[in-house]
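Source file: coords.txt (compact mmCIF, C-alpha atoms and all ligand atoms)
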```txt
# COMPACT_ATOMS: atom_id res chain seq x y z
CA MET A 1 4.74 -7.95 -4.09
CA ARG A 2 4.73 -10.43 -6.92
CA THR A 3 6.60 -13.55 -5.94
CA ALA A 4 5.51 -15.96 -8.65
CA ASP A 5 3.56 -15.94 -11.86
CA SER A 6 -0.07 -16.61 -12.44
CA ILE A 7 -0.05 -20.26 -13.41
CA MET A 8 -1.72 -23.00 -11.44
CA ALA A 9 -2.90 -21.49 -8.18
CA PRO A 10 -3.88 -24.28 -5.78
CA PRO A 11 -7.64 -24.97 -5.57
CA LEU A 12 -9.63 -23.37 -2.75
CA SER A 13 -10.18 -25.43 0.40
CA ALA A 14 -13.76 -26.30 1.43
CA GLU A 15 -13.59 -23.55 4.05
CA GLU A 16 -12.41 -21.01 1.47
CA VAL A 17 -15.18 -22.03 -0.93
CA ALA A 18 -17.76 -21.43 1.83
CA HIS A 19 -16.20 -18.04 2.63
CA CYS A 20 -16.16 -17.10 -1.04
CA GLU A 21 -19.83 -18.10 -1.43
CA ALA A 22 -20.85 -16.07 1.63
CA LEU A 23 -19.10 -12.94 0.32
CA THR A 24 -20.54 -13.50 -3.17
CA ALA A 25 -24.06 -13.65 -1.67
CA HIS A 26 -23.35 -10.45 0.28
CA LEU A 27 -22.12 -8.70 -2.87
CA ALA A 28 -25.12 -9.90 -4.87
CA ALA A 29 -27.41 -8.39 -2.22
CA GLU A 30 -25.47 -5.11 -2.46
CA VAL A 31 -25.81 -5.12 -6.26
CA ARG A 32 -29.59 -5.60 -5.95
CA ALA A 33 -29.77 -2.87 -3.28
CA GLY A 34 -27.78 -0.60 -5.57
CA GLY A 35 -30.33 -0.94 -8.37
CA GLY A 36 -28.49 -3.68 -10.30
CA TRP A 37 -25.00 -2.20 -10.53
CA LEU A 38 -22.14 -1.53 -8.09
CA SER A 39 -19.07 0.57 -8.96
CA PHE A 40 -15.75 -1.27 -8.94
CA GLU A 41 -14.66 0.98 -6.07
CA ARG A 42 -17.57 -0.22 -3.91
CA PHE A 43 -17.03 -3.83 -5.02
CA MET A 44 -13.35 -3.64 -4.03
CA ALA A 45 -14.19 -1.98 -0.70
CA LEU A 46 -16.56 -4.84 0.16
CA ALA A 47 -14.32 -7.61 -1.23
CA LEU A 48 -11.47 -6.38 0.98
CA TYR A 49 -13.16 -4.84 4.01
CA ALA A 50 -16.80 -6.05 4.42
CA PRO A 51 -17.07 -6.84 8.16
CA GLY A 52 -16.29 -10.51 8.82
CA LEU A 53 -16.18 -11.36 5.10
CA GLY A 54 -13.72 -9.07 3.29
CA TYR A 55 -10.20 -10.28 2.63
CA TYR A 56 -8.63 -7.98 5.24
CA SER A 57 -11.49 -8.30 7.74
CA ALA A 58 -11.55 -12.11 7.83
CA GLY A 59 -8.99 -14.44 9.30
CA SER A 60 -6.82 -15.79 6.45
CA VAL A 61 -3.03 -15.61 6.83
CA LYS A 62 -2.64 -13.02 4.02
CA ILE A 63 0.94 -11.76 4.47
CA GLY A 64 4.05 -13.98 4.53
CA ALA A 65 5.17 -17.38 3.27
CA GLY A 66 1.98 -19.15 4.42
CA GLY A 67 -0.26 -16.42 3.00
CA ASP A 68 -0.85 -14.81 -0.38
CA PHE A 69 1.91 -12.23 -0.81
CA VAL A 70 5.10 -11.00 0.78
CA THR A 71 5.83 -7.37 1.58
CA ALA A 72 9.27 -5.81 2.02
CA PRO A 73 9.19 -5.69 5.86
CA GLN A 74 8.01 -9.29 5.90
CA LEU A 75 10.77 -10.33 3.54
CA SER A 76 13.58 -8.82 5.56
CA ASP A 77 14.24 -6.64 8.60
CA LEU A 78 16.90 -4.93 6.47
CA PHE A 79 14.06 -2.94 4.92
CA SER A 80 12.75 -1.73 8.28
CA ARG A 81 16.23 -0.98 9.57
CA CYS A 82 16.76 1.32 6.57
CA VAL A 83 13.36 2.94 7.19
CA ALA A 84 14.49 3.47 10.79
CA ALA A 85 17.67 5.17 9.58
CA GLN A 86 15.56 7.80 7.76
CA CYS A 87 13.16 8.09 10.74
CA ALA A 88 16.12 8.63 13.07
CA GLU A 89 17.03 11.83 11.19
CA VAL A 90 13.54 13.24 11.74
CA LEU A 91 13.36 12.04 15.35
CA ALA A 92 16.62 13.82 16.24
CA GLU A 93 14.36 16.62 17.48
CA GLY A 94 12.11 14.12 19.33
CA GLY A 95 8.64 13.07 18.31
CA GLU A 96 6.54 10.02 17.57
CA ILE A 97 5.73 7.58 14.77
CA LEU A 98 2.28 6.88 13.34
CA GLU A 99 2.08 3.82 11.09
CA PHE A 100 -0.92 3.14 8.89
CA GLY A 101 -1.84 -0.45 8.01
CA ALA A 102 0.92 -2.21 9.92
CA GLY A 103 0.23 -5.72 8.54
CA THR A 104 1.73 -8.33 10.86
CA GLY A 105 3.49 -5.65 12.97
CA ARG A 106 6.89 -6.80 11.83
CA MET A 107 7.97 -3.38 10.52
CA ALA A 108 6.91 -1.65 13.74
CA ALA A 109 8.90 -4.16 15.80
CA ALA A 110 12.02 -3.90 13.65
CA VAL A 111 11.88 -0.08 13.36
CA LEU A 112 11.58 0.27 17.14
CA THR A 113 14.43 -2.19 17.72
CA GLU A 114 16.70 -0.30 15.33
CA LEU A 115 15.76 3.12 16.72
CA ALA A 116 16.58 1.85 20.21
CA ALA A 117 20.02 0.81 18.92
CA LEU A 118 20.45 4.26 17.35
CA GLY A 119 19.34 6.02 20.54
CA ARG A 120 16.42 7.69 18.75
CA LEU A 121 13.34 6.00 20.17
CA PRO A 122 10.07 7.85 19.51
CA HIS A 123 8.07 8.65 22.64
CA ARG A 124 5.14 6.76 21.07
CA TYR A 125 4.58 4.39 18.14
CA ALA A 126 0.92 4.55 17.13
CA ILE A 127 -0.68 2.10 14.71
CA LEU A 128 -3.87 2.84 12.80
CA GLU A 129 -5.16 -0.41 11.33
CA VAL A 130 -8.53 -1.10 9.70
CA SER A 131 -8.27 -4.89 9.96
CA ALA A 132 -9.17 -6.23 13.41
CA ASP A 133 -7.61 -9.55 12.44
CA LEU A 134 -4.25 -7.94 11.55
CA ALA A 135 -4.37 -5.67 14.61
CA GLN A 136 -4.56 -8.81 16.75
CA ARG A 137 -1.52 -10.24 14.99
CA GLN A 138 0.32 -6.94 15.48
CA ARG A 139 -0.36 -7.12 19.22
CA ARG A 140 1.20 -10.59 19.35
CA CYS A 141 4.27 -9.45 17.41
CA ILE A 142 4.75 -6.29 19.50
CA GLY A 143 4.12 -8.29 22.70
CA ALA A 144 7.32 -10.24 22.01
CA LEU A 145 9.45 -7.06 22.17
CA PRO A 146 11.26 -6.01 25.37
CA ALA A 147 8.88 -4.03 27.61
CA PRO A 148 10.60 -0.62 27.12
CA LEU A 149 9.80 -0.89 23.40
CA ALA A 150 6.44 -2.67 23.54
CA GLU A 151 5.00 -0.16 25.99
CA ARG A 152 5.49 2.68 23.49
CA VAL A 153 3.08 1.07 21.02
CA VAL A 154 -0.58 2.05 20.99
CA TRP A 155 -3.40 1.18 18.60
CA LEU A 156 -5.70 3.94 17.45
CA GLU A 157 -9.28 3.57 16.25
CA ARG A 158 -9.10 6.81 14.27
CA LEU A 159 -6.65 9.57 13.41
CA PRO A 160 -5.14 11.29 16.46
CA GLN A 161 -7.21 14.23 17.73
CA ARG A 162 -4.11 16.32 18.38
CA PRO A 163 -1.42 17.08 15.78
CA ILE A 164 1.74 14.99 15.85
CA GLN A 165 5.42 15.78 15.38
CA GLY A 166 7.58 13.04 13.91
CA VAL A 167 7.06 10.45 11.17
CA ILE A 168 4.03 8.94 9.45
CA LEU A 169 4.74 5.57 7.77
CA ALA A 170 2.67 3.58 5.28
CA ASN A 171 4.02 0.58 3.41
CA GLU A 172 1.68 -0.87 0.77
CA VAL A 173 -1.37 0.88 2.16
CA LEU A 174 -2.26 3.22 -0.72
CA ASP A 175 -2.42 0.25 -3.11
CA ALA A 176 -5.04 -1.33 -0.85
CA LEU A 177 -7.42 1.66 -1.09
CA PRO A 178 -10.46 0.88 -3.26
CA CYS A 179 -10.11 2.43 -6.73
CA ARG A 180 -12.38 3.26 -9.67
CA ARG A 181 -11.92 1.33 -12.94
CA PHE A 182 -12.90 2.59 -16.35
CA VAL A 183 -12.78 1.75 -20.03
CA LEU A 184 -12.37 4.49 -22.63
CA GLU A 185 -14.90 4.90 -25.39
CA ALA A 186 -14.44 7.76 -27.84
CA GLY A 187 -11.99 9.36 -25.40
CA THR A 188 -14.37 9.38 -22.44
CA PRO A 189 -14.49 6.94 -19.57
CA ARG A 190 -17.26 4.44 -18.95
CA GLU A 191 -17.11 3.24 -15.39
CA LEU A 192 -16.58 -0.47 -14.76
CA GLY A 193 -18.51 -2.19 -12.02
CA VAL A 194 -20.43 -5.36 -11.29
CA ALA A 195 -23.93 -6.50 -12.14
CA LEU A 196 -25.76 -9.82 -11.82
CA SER A 197 -26.35 -12.19 -14.71
CA GLY A 198 -28.06 -15.52 -14.03
CA GLY A 199 -27.30 -15.00 -10.33
CA ARG A 200 -23.56 -14.57 -11.03
CA LEU A 201 -21.49 -11.41 -10.60
CA VAL A 202 -20.33 -10.07 -13.97
CA GLU A 203 -18.35 -7.00 -14.96
CA ARG A 204 -20.40 -4.29 -16.63
CA ALA A 205 -19.65 -0.76 -17.85
CA ALA A 206 -22.01 2.11 -17.01
CA PRO A 207 -21.94 5.88 -17.54
CA ALA A 208 -19.14 7.30 -15.40
CA GLU A 209 -20.13 9.04 -12.19
CA ALA A 210 -19.48 12.80 -12.30
CA ALA A 211 -16.48 12.63 -9.95
CA LEU A 212 -14.73 10.12 -12.20
CA ALA A 213 -15.66 11.85 -15.47
CA GLN A 214 -14.42 15.23 -14.20
CA GLU A 215 -11.21 13.82 -12.83
CA TRP A 216 -10.47 11.96 -16.04
CA ALA A 217 -11.07 15.12 -18.08
CA ARG A 218 -8.48 16.92 -15.92
CA LEU A 219 -5.90 14.10 -16.04
CA SER A 220 -6.21 13.19 -19.68
CA ALA A 221 -5.52 16.80 -20.69
CA GLN A 222 -2.08 16.41 -19.05
CA LEU A 223 -1.11 13.16 -20.78
CA PRO A 224 1.55 13.27 -23.49
CA ALA A 225 -0.28 10.86 -25.82
CA PRO A 226 -3.94 10.07 -26.52
CA LEU A 227 -5.25 6.71 -25.37
CA ALA A 228 -7.07 4.26 -27.62
CA ASP A 229 -10.67 3.13 -27.31
CA GLY A 230 -10.90 0.04 -25.12
CA TYR A 231 -8.10 1.30 -22.85
CA VAL A 232 -8.77 0.09 -19.29
CA SER A 233 -7.23 1.66 -16.21
CA GLU A 234 -7.82 2.78 -12.64
CA ILE A 235 -8.14 6.03 -10.70
CA CYS A 236 -7.94 5.98 -6.93
CA LEU A 237 -10.17 8.89 -5.93
CA GLN A 238 -9.67 7.93 -2.26
CA ALA A 239 -5.90 8.54 -2.40
CA GLY A 240 -6.23 12.34 -2.27
CA PRO A 241 -8.52 12.45 0.80
CA TRP A 242 -6.33 9.82 2.49
CA VAL A 243 -3.20 11.94 2.00
CA ALA A 244 -5.07 15.10 3.07
CA SER A 245 -6.33 13.55 6.31
CA ALA A 246 -2.89 12.16 7.18
CA ALA A 247 -1.32 15.54 6.33
CA ASP A 248 -3.85 17.21 8.59
CA VAL A 249 -2.41 15.55 11.69
CA LEU A 250 1.24 16.17 10.78
CA GLU A 251 2.30 19.41 12.47
CA ARG A 252 6.03 18.92 11.90
CA GLY A 253 7.91 16.06 10.33
CA MET A 254 7.78 13.61 7.45
CA MET A 255 5.35 11.23 5.85
CA LEU A 256 7.12 8.28 4.18
CA LEU A 257 5.02 6.36 1.67
CA PHE A 258 6.21 3.10 0.10
CA ASP A 259 4.30 1.40 -2.67
CA TYR A 260 4.51 0.04 -6.14
CA GLY A 261 3.54 2.77 -8.50
CA LEU A 262 4.38 5.25 -11.20
CA PRO A 263 4.19 8.93 -12.08
CA ARG A 264 1.05 9.87 -14.05
CA ALA A 265 2.52 9.84 -17.57
CA HIS A 266 3.85 6.30 -17.07
CA TYR A 267 0.79 5.06 -15.22
CA TYR A 268 -1.48 6.09 -18.13
CA HIS A 269 1.01 5.02 -20.81
CA PRO A 270 -0.63 4.12 -24.14
CA GLN A 271 0.81 0.60 -23.94
CA ARG A 272 -0.56 -0.11 -20.44
CA VAL A 273 -3.89 -1.05 -22.03
CA ALA A 274 -5.22 -3.27 -19.24
CA GLY A 275 -4.42 -1.08 -16.22
CA THR A 276 -2.52 -2.02 -13.09
CA LEU A 277 -5.02 -4.08 -11.09
CA ARG A 278 -3.52 -7.26 -9.61
CA CYS A 279 -4.87 -10.06 -7.42
CA HIS A 280 -2.76 -12.21 -5.12
CA TYR A 281 -3.69 -15.69 -3.99
CA LYS A 282 -1.17 -18.12 -2.50
CA HIS A 283 1.74 -16.25 -4.12
CA ARG A 284 0.16 -16.44 -7.57
CA VAL A 285 -0.64 -13.19 -9.37
CA HIS A 286 -3.47 -12.67 -11.84
CA ASP A 287 -5.82 -9.92 -12.94
CA ASP A 288 -9.31 -11.36 -12.28
CA PRO A 289 -10.82 -9.63 -9.22
CA TYR A 290 -14.09 -11.57 -9.54
CA VAL A 291 -12.74 -14.97 -8.46
CA ASN A 292 -11.62 -16.23 -5.04
CA LEU A 293 -13.71 -13.50 -3.41
CA GLY A 294 -12.69 -12.82 0.18
CA VAL A 295 -9.66 -15.09 0.00
CA GLN A 296 -7.50 -13.12 -2.44
CA ASP A 297 -5.98 -9.67 -2.22
CA ILE A 298 -6.93 -7.04 -4.80
CA THR A 299 -4.57 -4.11 -5.38
CA ALA A 300 -3.86 -1.39 -7.92
CA TRP A 301 -0.60 0.44 -8.50
CA VAL A 302 -0.30 3.91 -7.00
CA GLU A 303 -0.40 6.96 -9.28
CA PHE A 304 2.21 9.02 -7.43
CA THR A 305 1.53 12.32 -9.23
CA ARG A 306 -1.93 12.29 -7.59
CA VAL A 307 -0.32 11.66 -4.19
CA ALA A 308 2.11 14.56 -4.71
CA GLU A 309 -0.67 16.93 -5.87
CA SER A 310 -2.79 16.08 -2.84
CA ALA A 311 0.16 16.58 -0.52
CA VAL A 312 0.96 20.00 -1.99
CA ASP A 313 -2.73 20.97 -1.72
CA ALA A 314 -2.51 19.99 1.97
CA GLY A 315 0.50 22.27 2.49
CA LEU A 316 3.19 19.58 2.47
CA GLU A 317 6.43 19.68 0.53
CA VAL A 318 7.35 16.80 -1.77
CA ALA A 319 10.84 16.41 -0.36
CA GLY A 320 11.83 13.19 -2.11
CA PHE A 321 10.75 10.57 -4.64
CA ALA A 322 12.98 7.62 -5.46
CA THR A 323 12.94 3.92 -6.20
CA GLN A 324 13.01 1.53 -3.26
CA ALA A 325 16.51 0.44 -4.35
CA ALA A 326 17.87 4.01 -4.23
CA PHE A 327 16.20 4.60 -0.86
CA LEU A 328 17.67 1.45 0.69
CA LEU A 329 21.15 2.09 -0.73
CA GLY A 330 21.01 5.66 0.58
CA THR A 331 20.00 4.53 4.05
CA GLY A 332 22.81 1.99 4.38
CA ILE A 333 21.57 -1.46 3.34
CA GLU A 334 25.03 -2.45 2.08
CA ARG A 335 26.57 -1.57 5.44
CA LEU A 336 23.93 -3.63 7.23
CA VAL A 337 24.72 -6.65 5.04
CA GLY A 338 28.47 -6.18 5.61
CA GLU A 339 28.03 -5.94 9.39
CA ALA A 340 26.66 -9.49 9.65
CA GLY A 341 28.51 -11.44 12.32
CA ASP A 342 29.28 -14.60 10.33
CA VAL A 343 29.43 -15.87 6.78
CA LEU A 344 26.06 -17.62 6.85
CA GLU A 345 24.28 -14.58 8.24
CA ARG A 346 26.00 -12.37 5.63
CA ALA A 347 24.88 -14.71 2.83
CA ARG A 348 21.31 -14.66 4.16
CA ARG A 349 21.26 -10.87 4.36
CA ALA A 350 22.82 -10.56 0.89
CA GLY A 351 20.06 -12.75 -0.55
CA GLU A 352 17.35 -10.66 1.11
CA ALA A 353 19.01 -7.42 -0.03
CA ARG A 354 19.04 -8.70 -3.62
CA ARG A 355 15.27 -9.25 -3.54
CA LEU A 356 14.72 -5.78 -2.08
CA LEU A 357 17.08 -4.09 -4.54
CA LEU A 358 17.00 -5.85 -7.92
CA PRO A 359 14.96 -4.18 -10.67
CA GLY A 360 13.20 -7.47 -11.53
CA GLU A 361 12.18 -7.94 -7.87
CA MET A 362 11.17 -4.99 -5.67
CA GLY A 363 13.90 -2.47 -6.40
CA GLU A 364 12.36 -0.46 -9.26
CA ALA A 365 8.61 -1.03 -9.26
CA PHE A 366 8.41 0.10 -5.64
CA LYS A 367 8.81 3.82 -5.02
CA VAL A 368 9.28 5.87 -1.89
CA MET A 369 7.87 9.36 -1.43
CA ALA A 370 8.82 11.75 1.38
CA LEU A 371 6.30 14.49 2.21
CA THR A 372 7.38 17.02 4.80
CA ARG A 373 6.06 19.90 6.87
CA ALA A 374 8.40 22.31 8.70
CA CYS A 375 11.12 19.68 8.54
CA ASP A 376 14.67 20.12 7.32
CA ALA A 377 16.02 16.79 8.55
CA PRO A 378 18.69 15.18 6.34
CA LEU A 379 17.27 12.88 3.65
CA PRO A 380 19.74 9.99 3.22
CA GLY A 381 17.02 7.90 1.56
CA PHE A 382 16.77 10.40 -1.27
CA ALA A 383 20.43 11.43 -1.58
CA LEU A 384 21.21 9.01 -4.43
CA GLN A 385 18.22 9.65 -6.68
CA ASP A 386 15.68 12.39 -7.26
CA LEU A 387 12.75 11.35 -9.45
CA ARG A 388 10.57 14.35 -8.55
CA ASP A 389 10.89 15.74 -12.09
CA SER A 390 9.03 12.68 -13.37
CA LEU A 391 5.91 13.48 -11.36
C1 LIG B 401 -0.85 -4.88 1.71
S1 LIG B 401 -1.11 -4.76 3.43
C2 LIG B 401 0.46 -4.10 3.94
C3 LIG B 401 0.76 -4.39 5.38
C4 LIG B 401 2.08 -3.87 5.94
N1 LIG B 401 2.19 -2.44 5.85
C5 LIG B 401 3.25 -4.55 5.28
O1 LIG B 401 3.99 -3.88 4.55
O2 LIG B 401 3.43 -5.75 5.49
C6 LIG B 401 -2.20 -3.37 3.56
C7 LIG B 401 -2.47 -2.95 4.97
O3 LIG B 401 -3.17 -1.70 5.00
C8 LIG B 401 -4.28 -1.80 5.86
N2 LIG B 401 -5.22 -0.74 5.43
C9 LIG B 401 -5.93 -0.65 4.31
N3 LIG B 401 -6.60 0.51 4.25
C10 LIG B 401 -6.25 1.21 5.36
C11 LIG B 401 -6.61 2.49 5.88
N4 LIG B 401 -7.45 3.30 5.24
N5 LIG B 401 -6.06 2.87 7.05
C12 LIG B 401 -5.21 2.07 7.72
N6 LIG B 401 -4.85 0.84 7.28
C13 LIG B 401 -5.38 0.42 6.12
C14 LIG B 401 -4.69 -3.24 5.72
O4 LIG B 401 -5.54 -3.70 6.72
C15 LIG B 401 -3.31 -3.91 5.78
O5 LIG B 401 -2.80 -3.97 7.08
```
Write-out of the structure in structure tokens:
Amino acid sequence: MRTADSIMAPPLSAEEVAHCEALTAHLAAEVRAGGGWLSFERFMALALYAPGLGYYSAGSVKIGAGGDFVTAPQLSDLFSRCVAAQCAEVLAEGGEILEFGAGTGRMAAAVLTELAALGRLPHRYAILEVSADLAQRQRRCIGALPAPLAERVVWLERLPQRPIQGVILANEVLDALPCRRFVLEAGTPRELGVALSGGRLVERAAPAEAALAQEWARLSAQLPAPLADGYVSEICLQAGPWVASAADVLERGMMLLFDYGLPRAHYYHPQRVAGTLRCHYKHRVHDDPYVNLGVQDITAWVEFTRVAESAVDAGLEVAGFATQAAFLLGTGIERLVGEAGDVLERARRAGEARRLLLPGEMGEAFKVMALTRACDAPLPGFALQDLRDSL
């Protein structure tokens, strides 16, 4: 989430400079090993997840006030309590929750607490997390819960071997998947990546790999308006396989995906000439992924039409698509604010709700998608708005 603008990020500490230099040396070696050029997708994968060096693999604070960005569950438990309200409908028939990329573990803790209050606890809450550093933090957060809740939580190394019934959750995970970047020349994409110049990493365009070229040919034929030469954007080719593998384990229930993103026609709008890539460092936002390596987050907005297509291909139904604001209003955020015991607590909750709901904050840019299989649970989160026609 963007919490401030791009001006005047604080300088890196000596430790961060050393980290950044170590990752830069690692990337330079990868560029040489790759014959002098590395796709942006591979660059982003290493910058975020290279063992011991990538942003998510290493030990910086990352999420929260002392880190680089704030996510909705970190901002307020109101968000997770609303998520729990939608989960409770699916869990009426029993089942479990599987959360991908659980960050600090705060959403898992708050969802479990709320489901206990609603009498709809899942028999298991599984977390699949790629960052060992964050998994450790999740264990500390979950360890502070009462034992009857904490003992339901398990950490998985890979997708469950047996199918699950219940809910799959992912908040701001799809935006963290490495994406391809391209620049259009005469209507066709040239793939952006990194090369070395004078020992420094520099951005360089190369002929697009077949997978990117073919996918762009398919997508661009669907767009309402042609895009100009020099247009830069992203395609996350990993999103489809990610959705398919998550869908594979869902026997009955709902996948709830939260992320900032757009339907295809808006994502590739002629005016969005520089794409959606954003970097987050100490609550400053900018669009240069080649600085602060290993100590800044790199994300791209989610193209939700791709997510929906992949879900349908995997046999899921796109049961809902709405803004975060509509989802939270539908699942009772106003009631939760009103229920606060005293005036100060109500004022605090109202302030948090404003940040979650307002269009200039997280209310509009963030979307929620519900993907279901053999599930006719009520959908309060999608009762107020149906944006599926925009996909
Ligand atoms: C932007 S953070 C969001 C964290 C948390 N969901 C929140 O809202 O605070 C992205 C999270 O996704 C995790 N992640 C990235 N790729 C993943 C994958 N393929 N499977 C599971 N987790 C992943 C990261 O390690 C991190 O925990």
What are the closest atom pairs, with distances in Å to one decimal, for all residues of chain A lying within 7 Å of ligand LIG 401 (chain B)? Consider only C-alpha atoms and all ligand atoms, order rows by chain and residue number, and present the result as JSON lines.
```
{"residue": "A:Tyr56", "atom": "CA", "partner": "B:LIG401", "partner_atom": "O4", "distance": 5.5}
{"residue": "A:Ile63", "atom": "CA", "partner": "B:LIG401", "partner_atom": "O2", "distance": 6.6}
{"residue": "A:Thr71", "atom": "CA", "partner": "B:LIG401", "partner_atom": "O2", "distance": 4.9}
{"residue": "A:Ala72", "atom": "CA", "partner": "B:LIG401", "partner_atom": "O1", "distance": 6.2}
{"residue": "A:Pro73", "atom": "CA", "partner": "B:LIG401", "partner_atom": "O1", "distance": 5.7}
{"residue": "A:Gln74", "atom": "CA", "partner": "B:LIG401", "partner_atom": "O2", "distance": 5.8}
{"residue": "A:Phe100", "atom": "CA", "partner": "B:LIG401", "partner_atom": "C12", "distance": 4.6}
{"residue": "A:Gly101", "atom": "CA", "partner": "B:LIG401", "partner_atom": "N6", "distance": 3.4}
{"residue": "A:Ala102", "atom": "CA", "partner": "B:LIG401", "partner_atom": "N1", "distance": 4.3}
{"residue": "A:Gly103", "atom": "CA", "partner": "B:LIG401", "partner_atom": "C3", "distance": 3.5}
{"residue": "A:Thr104", "atom": "CA", "partner": "B:LIG401", "partner_atom": "O2", "distance": 6.2}
{"residue": "A:Leu128", "atom": "CA", "partner": "B:LIG401", "partner_atom": "C12", "distance": 5.3}
{"residue": "A:Glu129", "atom": "CA", "partner": "B:LIG401", "partner_atom": "N6", "distance": 4.2}
{"residue": "A:Val130", "atom": "CA", "partner": "B:LIG401", "partner_atom": "N6", "distance": 4.8}
{"residue": "A:Ser131", "atom": "CA", "partner": "B:LIG401", "partner_atom": "O4", "distance": 4.4}
{"residue": "A:Leu134", "atom": "CA", "partner": "B:LIG401", "partner_atom": "O5", "distance": 6.2}
{"residue": "A:Ala170", "atom": "CA", "partner": "B:LIG401", "partner_atom": "N1", "distance": 6.1}
{"residue": "A:Asn171", "atom": "CA", "partner": "B:LIG401", "partner_atom": "N1", "distance": 4.3}
{"residue": "A:Glu172", "atom": "CA", "partner": "B:LIG401", "partner_atom": "C2", "distance": 4.7}
{"residue": "A:Val173", "atom": "CA", "partner": "B:LIG401", "partner_atom": "O3", "distance": 4.2}
{"residue": "A:Ala176", "atom": "CA", "partner": "B:LIG401", "partner_atom": "C9", "distance": 5.3}
{"residue": "A:Leu177", "atom": "CA", "partner": "B:LIG401", "partner_atom": "N3", "distance": 5.5}
```
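Remark: for Leu356 (chain A), the closest of the candidate residues A:Ala109, A:Ala117, A:Ser76, A:Val243 is A:Ser76 (distances computed over all atoms listed in the file).
For the choices A:Ala14, A:Val249, A:Ala84, A:Ala353, the atom-to-atom distance to Pro163 (chain A) is smallest for A:Val249 when using all atoms listed in the file.
Proximity ranking of A:Asp386, A:Glu203, A:Asp175, A:Glu21 relative to Gly330 (chain A) places A:Asp386 first, based on all atoms listed in the file.
If you look at CA of Pro122 (chain A) and CA of Leu336 (chain A), they are 21.8 Å away from each other.
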Box along x, y and z, 6 Å on every side, all listed atoms of region 73-78 of chain A inside: centre and edge lengths in Å to one decimal, as lines of an AutoDock Vina configuration file.
```
center_x = 12.5
center_y = -7.6
center_z = 6.1
size_x = 20.9
size_y = 17.4
size_z = 17.1
```
Inset, instruction - Write out as a list in words which residues come within 7 Å of region 371-385 of chain A when counting all atoms listed in the file, dropping same-chain ones fewer than 2 positions away. - result: Gln86, Glu89, Val90, Glu251, Arg252, Gly253, Met254, Met255, Leu256, Leu316, Glu317, Val318, Ala319, Gly320, Phe321, Ala322, Ala326, Phe327, Leu328, Gly330, Thr331, Met369 and Leu387 of chain A
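Pairwise distance (CA of Val232 (chain A), CA of Thr276 (chain A)) equals 9.1 Å.
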Is it possible to add N, CA and C atoms to region 68-79 of chain A and hand it back as a CSV table (one decimal), keeping the file's coordinate frame?
```csv
chain,number,residue,atom,x,y,z
A,68,ASP,N,-0.6,-15.0,1.0
A,68,ASP,CA,-0.8,-14.8,-0.4
A,68,ASP,C,0.2,-13.9,-1.0
A,69,PHE,N,0.9,-13.1,-0.2
A,69,PHE,CA,1.9,-12.2,-0.8
A,69,PHE,C,2.9,-11.9,0.3
A,70,VAL,N,4.1,-11.4,-0.2
A,70,VAL,CA,5.1,-11.0,0.8
A,70,VAL,C,5.4,-9.5,0.6
A,71,THR,N,5.5,-8.8,1.7
A,71,THR,CA,5.8,-7.4,1.6
A,71,THR,C,7.3,-7.2,2.0
A,72,ALA,N,7.8,-6.0,1.7
A,72,ALA,CA,9.3,-5.8,2.0
A,72,ALA,C,9.6,-6.0,3.5
A,73,PRO,N,8.8,-5.5,4.4
A,73,PRO,CA,9.2,-5.7,5.9
A,73,PRO,C,9.1,-7.1,6.3
A,74,GLN,N,8.2,-7.9,5.6
A,74,GLN,CA,8.0,-9.3,5.9
A,74,GLN,C,9.2,-10.1,5.3
A,75,LEU,N,9.7,-9.6,4.2
A,75,LEU,CA,10.8,-10.3,3.5
A,75,LEU,C,12.1,-10.2,4.3
A,76,SER,N,12.3,-9.0,4.9
A,76,SER,CA,13.6,-8.8,5.6
A,76,SER,C,13.5,-7.6,6.5
A,77,ASP,N,14.1,-7.8,7.7
A,77,ASP,CA,14.2,-6.6,8.6
A,77,ASP,C,15.2,-5.6,8.1
A,78,LEU,N,16.0,-5.9,7.1
A,78,LEU,CA,16.9,-4.9,6.5
A,78,LEU,C,16.1,-3.7,6.0
A,79,PHE,N,14.9,-4.0,5.4
A,79,PHE,CA,14.1,-2.9,4.9
A,79,PHE,C,13.7,-2.0,6.1
```
